[in-house]
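Data from model.cif: mmCIF, C-alpha atoms and all ligand atoms
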```cif
data_model
#
loop_
_atom_site.group_PDB
_atom_site.id
_atom_site.type_symbol
_atom_site.label_atom_id
_atom_site.label_comp_id
_atom_site.auth_asym_id
_atom_site.auth_seq_id
_atom_site.Cartn_x
_atom_site.Cartn_y
_atom_site.Cartn_z
ATOM 1 C CA MET A 1 6.250 7.904 22.633
ATOM 2 C CA TYR A 2 3.163 9.073 20.769
ATOM 3 C CA VAL A 3 1.691 7.779 17.529
ATOM 4 C CA VAL A 4 0.143 10.903 16.030
ATOM 5 C CA ALA A 5 -2.592 10.546 13.406
ATOM 6 C CA ALA A 6 -5.550 12.208 11.777
ATOM 7 C CA PRO A 7 -8.827 11.246 13.496
ATOM 8 C CA GLU A 8 -9.915 9.237 10.437
ATOM 9 C CA ARG A 9 -6.951 6.880 10.948
ATOM 10 C CA ALA A 10 -7.280 6.727 14.751
ATOM 11 C CA GLN A 11 -8.158 3.021 14.813
ATOM 12 C CA LEU A 12 -5.162 1.959 12.746
ATOM 13 C CA ALA A 13 -2.933 4.359 14.707
ATOM 14 C CA GLN A 14 -4.215 2.899 17.994
ATOM 15 C CA ASP A 15 -3.507 -0.632 16.776
ATOM 16 C CA VAL A 16 0.024 0.382 15.770
ATOM 17 C CA ALA A 17 0.557 2.263 19.049
ATOM 18 C CA GLN A 18 -0.376 -0.834 21.052
ATOM 19 C CA ARG A 19 2.116 -2.914 19.115
ATOM 20 C CA ILE A 20 5.047 -0.532 19.698
ATOM 21 C CA ASP A 21 4.045 0.393 23.261
ATOM 22 C CA ALA A 22 3.163 4.016 22.474
ATOM 23 C CA ASP A 23 0.168 6.281 23.112
ATOM 24 C CA LEU A 24 -2.268 7.648 20.552
ATOM 25 C CA LEU A 25 -2.595 11.341 19.811
ATOM 26 C CA THR A 26 -4.911 12.657 17.116
ATOM 27 C CA TYR A 27 -4.569 15.982 15.362
ATOM 28 C CA GLU A 28 -7.118 18.431 14.108
ATOM 29 C CA THR A 29 -7.447 19.421 10.457
ATOM 30 C CA LYS A 30 -9.538 21.948 8.620
ATOM 31 C CA THR A 31 -9.788 23.526 5.202
ATOM 32 C CA PHE A 32 -9.642 27.284 4.778
ATOM 33 C CA PRO A 33 -12.077 28.960 2.364
ATOM 34 C CA ASP A 34 -9.367 29.115 -0.300
ATOM 35 C CA GLY A 35 -8.796 25.368 -0.074
ATOM 36 C CA GLU A 36 -5.592 25.473 1.947
ATOM 37 C CA ARG A 37 -5.232 22.940 4.752
ATOM 38 C CA PHE A 38 -4.542 23.457 8.465
ATOM 39 C CA VAL A 39 -3.188 20.958 11.005
ATOM 40 C CA ARG A 40 -2.896 21.374 14.762
ATOM 41 C CA ILE A 41 -1.520 19.017 17.399
ATOM 42 C CA ASP A 42 -2.949 20.258 20.681
ATOM 43 C CA ALA A 43 -0.426 18.610 23.019
ATOM 44 C CA SER A 44 3.211 18.644 23.998
ATOM 45 C CA ILE A 45 5.511 16.033 22.554
ATOM 46 C CA GLU A 46 8.842 15.145 24.107
ATOM 47 C CA GLY A 47 11.484 13.283 22.160
ATOM 48 C CA ALA A 48 10.496 11.199 19.170
ATOM 49 C CA ALA A 49 7.037 10.823 17.654
ATOM 50 C CA VAL A 50 5.570 8.462 15.110
ATOM 51 C CA LEU A 51 3.388 10.203 12.556
ATOM 52 C CA LEU A 52 0.927 7.795 10.998
ATOM 53 C CA ALA A 53 0.782 9.541 7.675
ATOM 54 C CA ASP A 54 -2.104 8.713 5.430
ATOM 55 C CA ALA A 55 -0.444 9.934 2.260
ATOM 56 C CA ARG A 56 -3.215 9.198 -0.234
ATOM 57 C CA PRO A 57 -3.346 11.779 -3.023
ATOM 58 C CA ASN A 58 -3.596 14.671 -2.876
ATOM 59 C CA GLU A 59 -4.831 16.583 0.143
ATOM 60 C CA ARG A 60 -3.475 14.093 2.664
ATOM 61 C CA VAL A 61 0.043 14.443 1.274
ATOM 62 C CA ILE A 62 -0.146 18.138 2.102
ATOM 63 C CA ASP A 63 -1.612 17.285 5.530
ATOM 64 C CA THR A 64 1.344 15.007 6.169
ATOM 65 C CA LEU A 65 3.845 17.745 5.329
ATOM 66 C CA ILE A 66 2.053 20.202 7.624
ATOM 67 C CA ALA A 67 1.644 17.547 10.358
ATOM 68 C CA CYS A 68 5.437 17.058 10.388
ATOM 69 C CA ASP A 69 5.811 20.762 11.019
ATOM 70 C CA SER A 70 3.067 20.688 13.620
ATOM 71 C CA ALA A 71 4.801 17.824 15.451
ATOM 72 C CA ARG A 72 8.038 19.837 15.552
ATOM 73 C CA GLU A 73 6.112 22.850 16.887
ATOM 74 C CA ALA A 74 4.627 20.568 19.557
ATOM 75 C CA GLY A 75 8.151 19.600 20.625
ATOM 76 C CA ALA A 76 9.097 16.441 18.715
ATOM 77 C CA ASP A 77 12.807 16.215 18.048
ATOM 78 C CA THR A 78 12.540 13.191 15.759
ATOM 79 C CA ILE A 79 9.685 12.206 13.469
ATOM 80 C CA HIS A 80 9.219 8.638 12.279
ATOM 81 C CA LEU A 81 6.713 8.433 9.443
ATOM 82 C CA ALA A 82 4.494 5.351 9.275
ATOM 83 C CA VAL A 83 2.890 5.463 5.846
ATOM 84 C CA PRO A 84 0.352 2.707 5.158
ATOM 85 C CA TYR A 85 0.166 3.573 1.435
ATOM 86 C CA LEU A 86 2.996 5.512 -0.145
ATOM 87 C CA SER A 87 1.304 7.241 -3.048
ATOM 88 C CA TYR A 88 3.024 8.622 -6.156
ATOM 89 C CA ALA A 89 5.341 5.599 -6.153
ATOM 90 C CA ARG A 90 4.237 4.278 -9.539
ATOM 91 C CA GLN A 91 5.811 7.164 -11.486
ATOM 92 C CA ASP A 92 9.141 5.928 -10.175
ATOM 93 C CA THR A 93 11.220 6.855 -13.192
ATOM 94 C CA ALA A 94 11.072 9.142 -16.213
ATOM 95 C CA PHE A 95 9.514 6.787 -18.756
ATOM 96 C CA GLU A 96 9.704 9.504 -21.435
ATOM 97 C CA PRO A 97 12.110 12.469 -21.617
ATOM 98 C CA GLY A 98 10.915 15.402 -19.547
ATOM 99 C CA GLU A 99 8.583 13.450 -17.251
ATOM 100 C CA GLY A 100 8.721 14.382 -13.582
ATOM 101 C CA VAL A 101 9.607 11.483 -11.280
ATOM 102 C CA SER A 102 6.738 11.885 -8.823
ATOM 103 C CA ALA A 103 8.165 9.303 -6.425
ATOM 104 C CA ARG A 104 11.342 11.334 -6.107
ATOM 105 C CA ALA A 105 9.541 14.656 -5.688
ATOM 106 C CA VAL A 106 7.140 13.362 -3.021
ATOM 107 C CA ASN A 107 9.714 11.397 -1.039
ATOM 108 C CA ARG A 108 12.148 14.280 -1.017
ATOM 109 C CA ALA A 109 9.364 16.538 0.226
ATOM 110 C CA LEU A 110 8.442 14.062 2.992
ATOM 111 C CA GLY A 111 12.110 13.936 3.955
ATOM 112 C CA THR A 112 12.179 17.683 4.605
ATOM 113 C CA GLY A 113 9.846 17.127 7.562
ATOM 114 C CA ALA A 114 10.490 13.600 8.772
ATOM 115 C CA ASP A 115 13.588 11.649 9.779
ATOM 116 C CA THR A 116 12.612 8.075 8.892
ATOM 117 C CA LEU A 117 9.919 6.360 6.845
ATOM 118 C CA ALA A 118 8.251 2.966 7.247
ATOM 119 C CA THR A 119 5.684 1.845 4.699
ATOM 120 C CA VAL A 120 3.990 -1.327 3.510
ATOM 121 C CA ASP A 121 4.568 -2.970 0.124
ATOM 122 C CA VAL A 122 5.951 0.064 -1.651
ATOM 123 C CA HIS A 123 5.430 -0.226 -5.392
ATOM 124 C CA ALA A 124 9.173 -0.557 -6.117
ATOM 125 C CA ALA A 125 11.965 -0.824 -3.543
ATOM 126 C CA HIS A 126 14.196 1.766 -5.216
ATOM 127 C CA VAL A 127 11.576 4.463 -4.522
ATOM 128 C CA LEU A 128 12.724 4.400 -0.877
ATOM 129 C CA GLU A 129 16.132 5.677 -1.955
ATOM 130 C CA TYR A 130 14.514 9.012 -2.795
ATOM 131 C CA PHE A 131 13.736 9.535 0.913
ATOM 132 C CA PRO A 132 16.812 11.175 2.448
ATOM 133 C CA GLY A 133 16.790 9.212 5.737
ATOM 134 C CA PRO A 134 16.346 5.545 6.677
ATOM 135 C CA ALA A 135 13.330 4.122 4.846
ATOM 136 C CA VAL A 136 11.902 0.600 4.872
ATOM 137 C CA SER A 137 8.993 -1.252 3.302
ATOM 138 C CA GLU A 138 7.455 -4.250 5.048
ATOM 139 C CA GLN A 139 5.511 -6.886 3.162
ATOM 140 C CA ALA A 140 1.932 -7.522 4.204
ATOM 141 C CA ALA A 141 2.513 -11.116 3.059
ATOM 142 C CA PRO A 142 2.022 -12.672 6.538
ATOM 143 C CA GLU A 143 -1.307 -10.889 6.973
ATOM 144 C CA LEU A 144 -2.515 -11.640 3.424
ATOM 145 C CA ALA A 145 -1.445 -15.280 3.765
ATOM 146 C CA THR A 146 -3.420 -15.629 6.986
ATOM 147 C CA ALA A 147 -6.463 -14.107 5.288
ATOM 148 C CA LEU A 148 -6.088 -16.472 2.321
ATOM 149 C CA ASP A 149 -5.688 -19.549 4.514
ATOM 150 C CA GLU A 150 -8.432 -22.158 4.498
ATOM 151 C CA ARG A 151 -9.550 -21.195 0.993
ATOM 152 C CA GLY A 152 -8.151 -24.415 -0.463
ATOM 153 C CA LEU A 153 -5.606 -22.553 -2.562
ATOM 154 C CA GLU A 154 -3.562 -24.650 -4.952
ATOM 155 C CA LEU A 155 -1.514 -21.930 -6.653
ATOM 156 C CA VAL A 156 -0.474 -18.341 -5.875
ATOM 157 C CA LEU A 157 0.287 -16.148 -8.865
ATOM 158 C CA ALA A 158 1.784 -12.705 -9.322
ATOM 159 C CA PRO A 159 0.184 -10.873 -12.255
ATOM 160 C CA ASP A 160 3.581 -9.474 -13.254
ATOM 161 C CA ARG A 161 7.266 -9.764 -12.403
ATOM 162 C CA GLY A 162 7.064 -6.893 -9.915
ATOM 163 C CA ALA A 163 4.839 -8.902 -7.552
ATOM 164 C CA ARG A 164 6.869 -12.131 -7.701
ATOM 165 C CA GLU A 165 8.373 -11.696 -4.219
ATOM 166 C CA LEU A 166 4.979 -11.098 -2.666
ATOM 167 C CA ALA A 167 3.547 -14.181 -4.397
ATOM 168 C CA ALA A 168 6.542 -16.266 -3.324
ATOM 169 C CA SER A 169 6.242 -15.122 0.252
ATOM 170 C CA ILE A 170 2.507 -15.831 0.424
ATOM 171 C CA GLY A 171 2.840 -19.148 -1.411
ATOM 172 C CA ASP A 172 5.633 -20.310 0.891
ATOM 173 C CA ARG A 173 3.650 -19.373 3.981
ATOM 174 C CA LEU A 174 0.644 -21.320 2.725
ATOM 175 C CA GLY A 175 2.734 -24.228 1.475
ATOM 176 C CA VAL A 176 1.421 -23.935 -2.092
ATOM 177 C CA PRO A 177 3.380 -23.347 -5.314
ATOM 178 C CA HIS A 178 3.777 -19.874 -6.773
ATOM 179 C CA ASP A 179 4.433 -18.489 -10.231
ATOM 180 C CA TYR A 180 3.951 -15.265 -12.171
ATOM 181 C CA LEU A 181 2.378 -13.969 -15.375
ATOM 182 C CA GLU A 182 3.966 -11.728 -17.984
ATOM 183 C CA LYS A 183 2.108 -8.422 -18.159
ATOM 184 C CA THR A 184 2.479 -5.619 -20.660
ATOM 185 C CA ARG A 185 0.751 -2.331 -19.877
ATOM 186 C CA ARG A 186 -0.966 -0.800 -22.895
ATOM 187 C CA SER A 187 -2.469 2.248 -21.155
ATOM 188 C CA SER A 188 -3.322 3.393 -17.634
ATOM 189 C CA THR A 189 -6.403 1.128 -17.695
ATOM 190 C CA GLU A 190 -5.502 -1.661 -20.144
ATOM 191 C CA VAL A 191 -2.953 -4.460 -19.798
ATOM 192 C CA GLU A 192 -2.172 -7.629 -21.744
ATOM 193 C CA MET A 193 -1.052 -10.973 -20.370
ATOM 194 C CA ALA A 194 1.302 -13.030 -22.517
ATOM 195 C CA PRO A 195 0.194 -16.662 -22.843
ATOM 196 C CA LYS A 196 1.984 -18.848 -20.323
ATOM 197 C CA ALA A 197 1.717 -22.601 -19.940
ATOM 198 C CA LEU A 198 0.373 -23.033 -16.412
ATOM 199 C CA ASP A 199 -1.545 -26.034 -15.184
ATOM 200 C CA VAL A 200 -4.526 -24.312 -13.587
ATOM 201 C CA THR A 201 -7.266 -26.672 -14.772
ATOM 202 C CA GLY A 202 -9.767 -27.234 -11.978
ATOM 203 C CA ARG A 203 -7.567 -25.408 -9.474
ATOM 204 C CA THR A 204 -8.270 -22.663 -6.953
ATOM 205 C CA VAL A 205 -5.851 -19.843 -7.676
ATOM 206 C CA ALA A 206 -5.048 -16.591 -5.835
ATOM 207 C CA ILE A 207 -3.550 -13.676 -7.729
ATOM 208 C CA VAL A 208 -1.623 -11.332 -5.427
ATOM 209 C CA ASP A 209 -0.298 -7.860 -6.149
ATOM 210 C CA ASP A 210 0.765 -4.699 -4.362
ATOM 211 C CA ILE A 211 -2.050 -2.535 -5.758
ATOM 212 C CA ILE A 212 -5.490 -2.831 -7.271
ATOM 213 C CA ALA A 213 -6.166 0.532 -8.938
ATOM 214 C CA THR A 214 -8.434 0.317 -11.995
ATOM 215 C CA GLY A 215 -8.579 -3.457 -11.571
ATOM 216 C CA GLY A 216 -7.277 -3.876 -15.123
ATOM 217 C CA THR A 217 -4.347 -6.043 -14.067
ATOM 218 C CA MET A 218 -6.331 -8.356 -11.790
ATOM 219 C CA ALA A 219 -9.322 -8.575 -14.141
ATOM 220 C CA THR A 220 -7.183 -9.425 -17.180
ATOM 221 C CA ALA A 221 -5.189 -12.000 -15.213
ATOM 222 C CA SER A 222 -8.376 -13.546 -13.802
ATOM 223 C CA GLU A 223 -10.001 -13.829 -17.238
ATOM 224 C CA HIS A 224 -6.812 -15.390 -18.552
ATOM 225 C CA LEU A 225 -6.785 -18.042 -15.809
ATOM 226 C CA LEU A 226 -10.490 -18.823 -16.017
ATOM 227 C CA GLU A 227 -10.143 -19.245 -19.809
ATOM 228 C CA GLN A 228 -7.350 -21.718 -19.100
ATOM 229 C CA GLY A 229 -9.703 -23.730 -16.895
ATOM 230 C CA ALA A 230 -9.086 -22.457 -13.357
ATOM 231 C CA ALA A 231 -12.020 -23.428 -11.112
ATOM 232 C CA VAL A 232 -11.898 -20.438 -8.748
ATOM 233 C CA VAL A 233 -9.894 -17.214 -8.862
ATOM 234 C CA LEU A 234 -9.403 -15.015 -5.778
ATOM 235 C CA VAL A 235 -7.486 -11.755 -5.798
ATOM 236 C CA ALA A 236 -5.578 -10.200 -2.907
ATOM 237 C CA ALA A 237 -3.614 -6.970 -2.696
ATOM 238 C CA THR A 238 -2.058 -4.797 -0.053
ATOM 239 C CA HIS A 239 -3.494 -1.573 -1.457
ATOM 240 C CA GLY A 240 -7.032 -1.381 -2.821
ATOM 241 C CA LEU A 241 -7.615 1.931 -4.568
ATOM 242 C CA PHE A 242 -10.632 0.692 -6.593
ATOM 243 C CA VAL A 243 -10.837 3.542 -9.106
ATOM 244 C CA ALA A 244 -12.459 3.891 -12.536
ATOM 245 C CA GLY A 245 -14.998 1.100 -12.083
ATOM 246 C CA ALA A 246 -12.596 -1.497 -10.693
ATOM 247 C CA ASP A 247 -15.306 -3.296 -8.683
ATOM 248 C CA LYS A 248 -17.480 -3.940 -11.736
ATOM 249 C CA ARG A 249 -14.486 -4.917 -13.791
ATOM 250 C CA LEU A 250 -13.426 -7.539 -11.256
ATOM 251 C CA GLU A 251 -16.958 -8.843 -10.883
ATOM 252 C CA ASP A 252 -17.356 -9.107 -14.686
ATOM 253 C CA ALA A 253 -14.048 -10.954 -14.879
ATOM 254 C CA GLY A 254 -15.454 -13.695 -12.630
ATOM 255 C CA VAL A 255 -13.350 -13.017 -9.523
ATOM 256 C CA GLU A 256 -14.733 -15.010 -6.604
ATOM 257 C CA GLU A 257 -13.357 -12.927 -3.723
ATOM 258 C CA ILE A 258 -11.309 -9.749 -3.235
ATOM 259 C CA LEU A 259 -9.072 -9.307 -0.189
ATOM 260 C CA VAL A 260 -7.284 -6.037 0.576
ATOM 261 C CA THR A 261 -5.734 -4.474 3.661
ATOM 262 C CA ASP A 262 -6.782 -1.268 5.386
ATOM 263 C CA ALA A 263 -3.613 0.545 4.221
ATOM 264 C CA ILE A 264 -6.193 2.310 2.078
ATOM 265 C CA PRO A 265 -9.417 2.191 4.075
ATOM 266 C CA THR A 266 -12.457 1.159 2.020
ATOM 267 C CA GLU A 267 -15.489 -1.006 2.670
ATOM 268 C CA ARG A 268 -13.468 -3.860 1.152
ATOM 269 C CA SER A 269 -10.604 -3.590 3.693
ATOM 270 C CA SER A 270 -10.753 -6.805 5.664
ATOM 271 C CA VAL A 271 -7.090 -7.319 6.549
ATOM 272 C CA SER A 272 -5.258 -5.106 9.064
ATOM 273 C CA CYS A 273 -1.864 -3.704 8.064
ATOM 274 C CA ALA A 274 -1.077 -2.715 11.707
ATOM 275 C CA ASP A 275 1.362 -5.587 12.261
ATOM 276 C CA ALA A 276 3.226 -4.809 9.031
ATOM 277 C CA LEU A 277 3.520 -1.121 9.930
ATOM 278 C CA ALA A 278 4.653 -1.986 13.453
ATOM 279 C CA ARG A 279 7.339 -4.306 12.038
ATOM 280 C CA GLY A 280 8.573 -1.442 9.864
ATOM 281 C CA LEU A 281 8.589 0.980 12.794
ATOM 282 C CA GLN A 282 10.547 -1.479 14.906
ATOM 283 C CA ARG A 283 13.285 -1.178 12.277
ATOM 284 C CA THR A 284 13.177 2.605 11.739
ATOM 285 C CA THR A 285 12.841 3.604 15.390
ATOM 286 C CA ALA A 286 15.560 1.228 16.606
ATOM 287 C CA GLY A 287 18.533 3.338 15.542
HETATM 288 C C1 LIG A 301 1.927 -2.293 -11.340
HETATM 289 O O1 LIG A 301 3.029 -2.685 -11.666
HETATM 290 C C2 LIG A 301 1.306 -2.608 -10.026
HETATM 291 O O2 LIG A 301 2.007 -3.599 -9.370
HETATM 292 C C3 LIG A 301 -0.125 -3.014 -10.194
HETATM 293 O O3 LIG A 301 -0.147 -4.223 -10.953
HETATM 294 C C4 LIG A 301 -0.914 -1.974 -10.892
HETATM 295 O O4 LIG A 301 -0.629 -0.719 -10.348
HETATM 296 C C5 LIG A 301 -2.379 -2.248 -10.799
HETATM 297 O O5 LIG A 301 -3.073 -1.240 -11.476
HETATM 298 P P1 LIG A 301 -4.454 -1.555 -12.164
HETATM 299 O O6 LIG A 301 -5.373 -2.120 -11.131
HETATM 300 O O7 LIG A 301 -4.923 -0.215 -12.654
HETATM 301 O O8 LIG A 301 -4.185 -2.491 -13.290
#
```
How would this structure read if it were set down as structure tokens?
Amino acid sequence: MYVVAAPERAQLAQDVAQRIDADLLTYETKTFPDGERFVRIDASIEGAAVLLADARPNERVIDTLIACDSAREAGADTIHLAVPYLSYARQDTAFEPGEGVSARAVNRALGTGADTLATVDVHAAHVLEYFPGPAVSEQAAPELATALDERGLELVLAPDRGARELAASIGDRLGVPHDYLEKTRRSSTEVEMAPKALDVTGRTVAIVDDIIATGGTMATASEHLLEQGAAVVLVAATHGLFVAGADKRLEDAGVEEILVTDAIPTERSSVSCADALARGLQRTTAG
């Protein structure tokens, strides 16, 4: 079986291919003068293929749709998507009347080209139900826990209820207690943390979440903990988007260290998500 990927994700695709005993195949992309995208797989594929689909907004989502078609043209009879970061998952419901549910639109579109989907720490589990075929999300908790080991952590916190499972999983792996904060989002960049009686005085605390986007959530939570007397605050997330000045915001908040996986590749990506993706693929390719 081949793991097919864009050249820019060849390293991650190779790492995944090794783990599922497959070969790597990269595809070519280009942009036409009018901005439209082109994808070509210059090889023959027999049977099933894994498409490592970097579905960051927006161009790569289109590339993924075309790459599915390209894989079929090349001969694939089954396409298993491996999506390190499933974008558009945060608009997972119509919060106000008339709002488009982006998660539904994008997952339905992906399902027109692919048969199964494996991703890592999807924003909300119910988003996977919008994909028409089998779809799974694997936690990067084992990988994040390993990266957070030997930091002397004394508490693992989720910044909101949505990340409680991730915090529990990482805390349990490290043998340290876990808890969560109560977050209210005020705007796309501003959040508030409700006061919560936590004994963080003099302690080293890690805040863990699925995504760092603007950094508002992590920065607000970090300030909150440092004001309560925490000695050191680290933040870790599966997906590091780092938009709208997130780096500066986290630095100003007093965050000691930032750990993110390469699900979204940036200079901050220090943790590989290959094992998590391979675990997901083992589930979606089994049936
Ligand atoms: C929201 O529920 C997510 O789990 C993250 O907490 C959120 O997307 C992070 O966004 P930001 O970094 O912009 O606060």
### Query
Between A:Arg279, A:Lys196, A:Lys248, A:Lys183, which is the closest to ligand LIG 301 (chain A) once you count only C-alpha atoms and all ligand atoms?
A:Lys183
#### Entry: Hits from the PyMOL selection byres (((chain A and resi 171) around 12) and not hetatm), listed as a ChimeraX atom specification
/A:141-142,144-146,148-149,153-158,164-170,172-180,205-208
### Task
Starting from the displayed file, determine the output of the PyMOL selection byres (((chain A and resi 76-82) around 9) and not hetatm) and express the residue list as a PyMOL selection string.
chain A and resi 44-54+68+70-75+83-84+110+113-120+277-278+280-281+284-285
## Note on the structure
For ligand LIG 301 (chain A), the closest of A:Ala125, A:Ala274, A:Ala231, A:Ala147 counting all atoms listed in the file is A:Ala125
### Message
List as a PyMOL selection string the residues having at least one atom at most 7 Å from position (-11.2, -3.0, -2.9) as given in the file, counting all atoms listed in the file.
### Response
chain A and resi 240-242+258+260+266+268-269
Can those selected residues be exported to a file as a CSV table (one decimal), in the frame of the given file so that it contains C-alpha atoms?
```
chain,number,residue,atom,x,y,z
A,240,GLY,CA,-7.0,-1.4,-2.8
A,241,LEU,CA,-7.6,1.9,-4.6
A,242,PHE,CA,-10.6,0.7,-6.6
A,258,ILE,CA,-11.3,-9.7,-3.2
A,260,VAL,CA,-7.3,-6.0,0.6
A,266,THR,CA,-12.5,1.2,2.0
A,268,ARG,CA,-13.5,-3.9,1.2
A,269,SER,CA,-10.6,-3.6,3.7
```
Mind giving me the axis-aligned box for ligand LIG 301 (chain A) with 8 Å on every side, centre plus edges in Å to one decimal, as lines of an AutoDock Vina configuration file?
```
center_x = -1.2
center_y = -2.2
center_z = -11.3
size_x = 24.4
size_y = 20.0
size_z = 19.9
```
## Note on the structure
Students should find that atom O2 of ligand LIG 301 (chain A) and atom CA of Val255 of chain A are spaced 18.0 Å
Per-residue nearest contacts chain A to ligand LIG 301 (chain A), cut-off 7 Å, using only C-alpha atoms and all ligand atoms, as JSON lines:
```
{"residue": "A:His123", "atom": "CA", "partner": "A:LIG301", "partner_atom": "O2", "distance": 6.2}
{"residue": "A:Pro159", "atom": "CA", "partner": "A:LIG301", "partner_atom": "O3", "distance": 6.8}
{"residue": "A:Asp160", "atom": "CA", "partner": "A:LIG301", "partner_atom": "O3", "distance": 6.8}
{"residue": "A:Gly162", "atom": "CA", "partner": "A:LIG301", "partner_atom": "O2", "distance": 6.1}
{"residue": "A:Ala163", "atom": "CA", "partner": "A:LIG301", "partner_atom": "O2", "distance": 6.3}
{"residue": "A:Ser188", "atom": "CA", "partner": "A:LIG301", "partner_atom": "O7", "distance": 6.4}
{"residue": "A:Thr189", "atom": "CA", "partner": "A:LIG301", "partner_atom": "O7", "distance": 5.4}
{"residue": "A:Val191", "atom": "CA", "partner": "A:LIG301", "partner_atom": "O8", "distance": 6.9}
{"residue": "A:Asp209", "atom": "CA", "partner": "A:LIG301", "partner_atom": "O2", "distance": 5.8}
{"residue": "A:Asp210", "atom": "CA", "partner": "A:LIG301", "partner_atom": "O2", "distance": 5.3}
{"residue": "A:Ile211", "atom": "CA", "partner": "A:LIG301", "partner_atom": "C3", "distance": 4.9}
{"residue": "A:Ile212", "atom": "CA", "partner": "A:LIG301", "partner_atom": "O6", "distance": 3.9}
{"residue": "A:Ala213", "atom": "CA", "partner": "A:LIG301", "partner_atom": "O6", "distance": 3.5}
{"residue": "A:Thr214", "atom": "CA", "partner": "A:LIG301", "partner_atom": "O7", "distance": 3.6}
{"residue": "A:Gly215", "atom": "CA", "partner": "A:LIG301", "partner_atom": "O6", "distance": 3.5}
{"residue": "A:Gly216", "atom": "CA", "partner": "A:LIG301", "partner_atom": "O8", "distance": 3.9}
{"residue": "A:Thr217", "atom": "CA", "partner": "A:LIG301", "partner_atom": "O8", "distance": 3.6}
{"residue": "A:Met218", "atom": "CA", "partner": "A:LIG301", "partner_atom": "O6", "distance": 6.3}
```
### Task
Give me the residues within 12 Å of Leu128 of chain A as a PyMOL selection string, counting all atoms listed in the file and dropping any in the same chain fewer than 5 places off.
chain A and resi 83+86-89+92+103-108+110-111+116-123+133-138
### Message
So the first atom is atom CA of Leu226 of chain A and the second is atom CA of Glu143 of chain A; what is the distance between them in Å, to one decimal place?
### Response
26.0 Å
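Separating atom CA of Ala253 of chain A from atom CA of Arg161 of chain A is a distance of 21.5 Å.
With all atoms listed in the file as the basis for measurement, A:Ser222 is the residue among A:Gln18, A:Gln91, A:Thr29, A:Ser222 that approaches Glu251 of chain A most closely.
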### Summary
Across A:Leu24, A:Val243, A:Leu181, A:Ile62, the smallest distance to Thr220 of chain A, with all atoms listed in the file counted, is shown by A:Leu181
### Task
Would you mind listing what lies within 10 Å of Glu59 of chain A as a ChimeraX atom specification, with only C-alpha atoms counted and same-chain residues fewer than 6 positions away left out?
/A:31,35-37
Can you write out the residues you just picked, keeping C-alpha atoms, as a tab-separated table (two decimals), in the coordinates of the input?
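Below is the file part-v7.tsv, written as the result:
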```
chain	number	residue	atom	x	y	z
A	31	THR	CA	-9.79	23.53	5.20
A	35	GLY	CA	-8.80	25.37	-0.07
A	36	GLU	CA	-5.59	25.47	1.95
A	37	ARG	CA	-5.23	22.94	4.75
```
